[in-house]
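Student: Before I ask anything, let me first share the structure, which is written out below as structure tokens.
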Amino acid sequence: MYFAAERRSREIVPAHKANAWRDYFCPTCKAGVFLRDGKRRDKHFAHMPRQGKPECEDFHPSNELARSWQTNTVVTPGPSVDPLRLGIELEPDHVSVRGPRKWRLCLTVPKSHDGRGKISIDLGGGDVRLITLAKLSLGAQTYVVDPTAAEFGAKWVSPEVHSDYKSAVEERTAGLDNDTMNAFSSTRQKLKPLTDAFCWGESYYFVWMSKATFAFPPGLISHALAENRGWSCALGILPHAPDAQLADWLTTNCNLPIIRAKREWAIVYPPPYAFDDNGSLEIPATTEVVLALKSIGSEQAGNLSCTVGAATVYLELAGTTQHFAELSEPKGTANKVVHLAWDGAHVITLVAKPYPEAPIEPSVALEFEREGSKESAALHQTRARHFLSDTRNAKARLTAIHVHSALRGELRHRKVDALDWTTEALTVTPAGSLSLRKTPLATDLIERINLTLQDRSLDVALDFGPFGHFFASRVDEVQITVSAFRIRRQLRARVEWLCKASGSFVAGQRQPVGMLDDRALIDHFFQLVVPAELLAHKRALESALRNPAEHENRP
């Protein structure tokens, strides 16, 4: 064999340029090789004793070994042995007040099918662990390793260890790559393994050297974890829809391909609001969860399984490629963890928690100046709608909008006689370094939003999709005088219904709409911001209130 791969760099090296003090392995069967410089032959590589196998096309046994293979009976191979594997574990029972969640790099030593012998494993940083195969015969064992180490593997194996297991643990596995981002799958298991490909809609842990300058692109929602010995880590959630810019970033910085998912899913209800450090999707506490499932191509529907605690239920999906599944729990899902799997493959873990009071990632945070004080609210909260209504009525002013770089928003407006909307994109550009937090919109963009909101002759929409939406219809300049009249009982009931249907149960003075007098109710009605689907109702009521026939004299 005149070529071999260098263990650390993985570079193919010719024998005449090889260094006898370096570690090499066979490019074909991955077994260890050493450099020979004999008198009868040119420099070449040969397999390590008892590591070469006849099925390797680059294996050339000596004459004695060749005769023994020809004369001896064929040995039935034993059970397959898994290789050494790297993964990361997150700190258990994390408490947020202690800062970002901690993590550690781990090495899994495979299970042995024979309890005889011992091995010593190099865990990096001078830590060499002696392990008996009697312990490994009970199952694979996981050990914390030094993330700065270049590689890991067995330093010594006792003679009685089976050759197949010896070959597996002596095959050294490379540590974290200093020059790229190392990606680990977000799974239900405690140990998160290295991934060999990306899939849209999945979440991954990205680990990189802290001194390296990697900037996460728009489209990748991320959450930072703690630093570990000069290595940074962040959980990243890929969008379901393919993104060309993000795909280029992943393939360039991680050196991994992107594959198309064979199955897609989405949560229809309740709307999820965050991911936790484990990659689990956080939803509000509810009694039911509605899922949308889709098989792509010729993929069969299969079975959906739902696990809560020790109980598991199954649902057979048959018929079409598109499905809706409803998971119901009479007592509610508060503080419960729900694991969903599709034909045994992990889909997502749901964590039901009460909706947090403070804005969290990802969200759209708005800041206002109102009556000399500063106020803030997330766009998906009711308080934000009241502040935006005050801004439209010149009682408040929008001062800032903070959004994650992955979110996309729009400011739309149109005049009463126009059918088409004028649209302006509301996005931010991430900073040059890794951007894991919300970024404010430009000041001139905030000023245009204020001017548009205060133009009461326009229909205005501030839209960030599932992260919040605000709509305000135009206001006719014709005012209604009710000093000498009161509105009819049926018309007042319709006005009260529209206020309540729009989520406005109290006026600015915290007085229920049902207890307001006619003047206060009409004032509240004309300042009301209704959803787009109720806009026709409001305009019909405005027309009715301008009709004198709908008024009656005061007693």
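Note on naming: chains are A, B, ... as they come in the structure tokens, residues start from 1 per chain, ligands start from 1 in the order shown.
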Let's see if you can do this: from backbone DSSP, list all alpha helix (DSSP H) residues in region 242-433 of chain A, as number ranges by chain.

Tutor: A: 244-254, 382-392

Student: Within 7 Å of Ala292 (chain A), counting only C-alpha atoms, which residues show up once you throw out same-chain ones fewer than 2 positions away? Write them as a PyMOL selection string, please.

Tutor: chain A and resi 265-268+290+294+323-325

Student: At what distance in Å, to one decimal, does CA of Val530 (chain A) lie from CA of Phe505 (chain A)?

Tutor: 12.5 Å

Student: I want to know what sits within 10 Å of region 406-412 of chain A, based on only C-alpha atoms, with residues of the same chain fewer than 2 positions away left out; could you give that as a PyMOL selection string?

Tutor: chain A and resi 216-222+239+362-364+403-404+414+420-430+438+445+448-449+452-453+458-465+467-471

Student: Can you pull out the residues contacting Leu250 (chain A)? Cut-off 10 Å, using only C-alpha atoms, and skip same-chain residues under 4 positions away; I want them as a list in words.

Tutor: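 Within the cut-off, the hits are Met181, Ala183, Ala197, Phe198, Phe216, Pro217, Ala244, Gln245, Leu246, Cys254, Asn255, Leu256, Pro257 and Ile258 of chain A.
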
Student: Residues of region 148-373 of chain A in strand (DSSP E) according to DSSP, as JSON, numbers by chain?

Tutor: {"A": [151, 152, 153, 154, 155, 156, 157, 173, 174, 182, 183, 184, 185, 192, 193, 198, 199, 203, 204, 205, 206, 207, 208, 209, 221, 222, 223, 224, 231, 232, 233, 234, 235, 236, 237, 258, 259, 263, 264, 265, 266, 267, 268, 269, 274, 275, 281, 282, 283, 288, 289, 290, 291, 292, 293, 294, 295, 303, 304, 305, 306, 307, 308, 311, 312, 313, 314, 315, 316, 322, 323, 324, 325, 326, 327, 328, 337, 338, 339, 340, 341, 342, 345, 346, 347, 348, 349, 350, 351, 352, 365, 366, 367, 368, 369, 370, 373]}
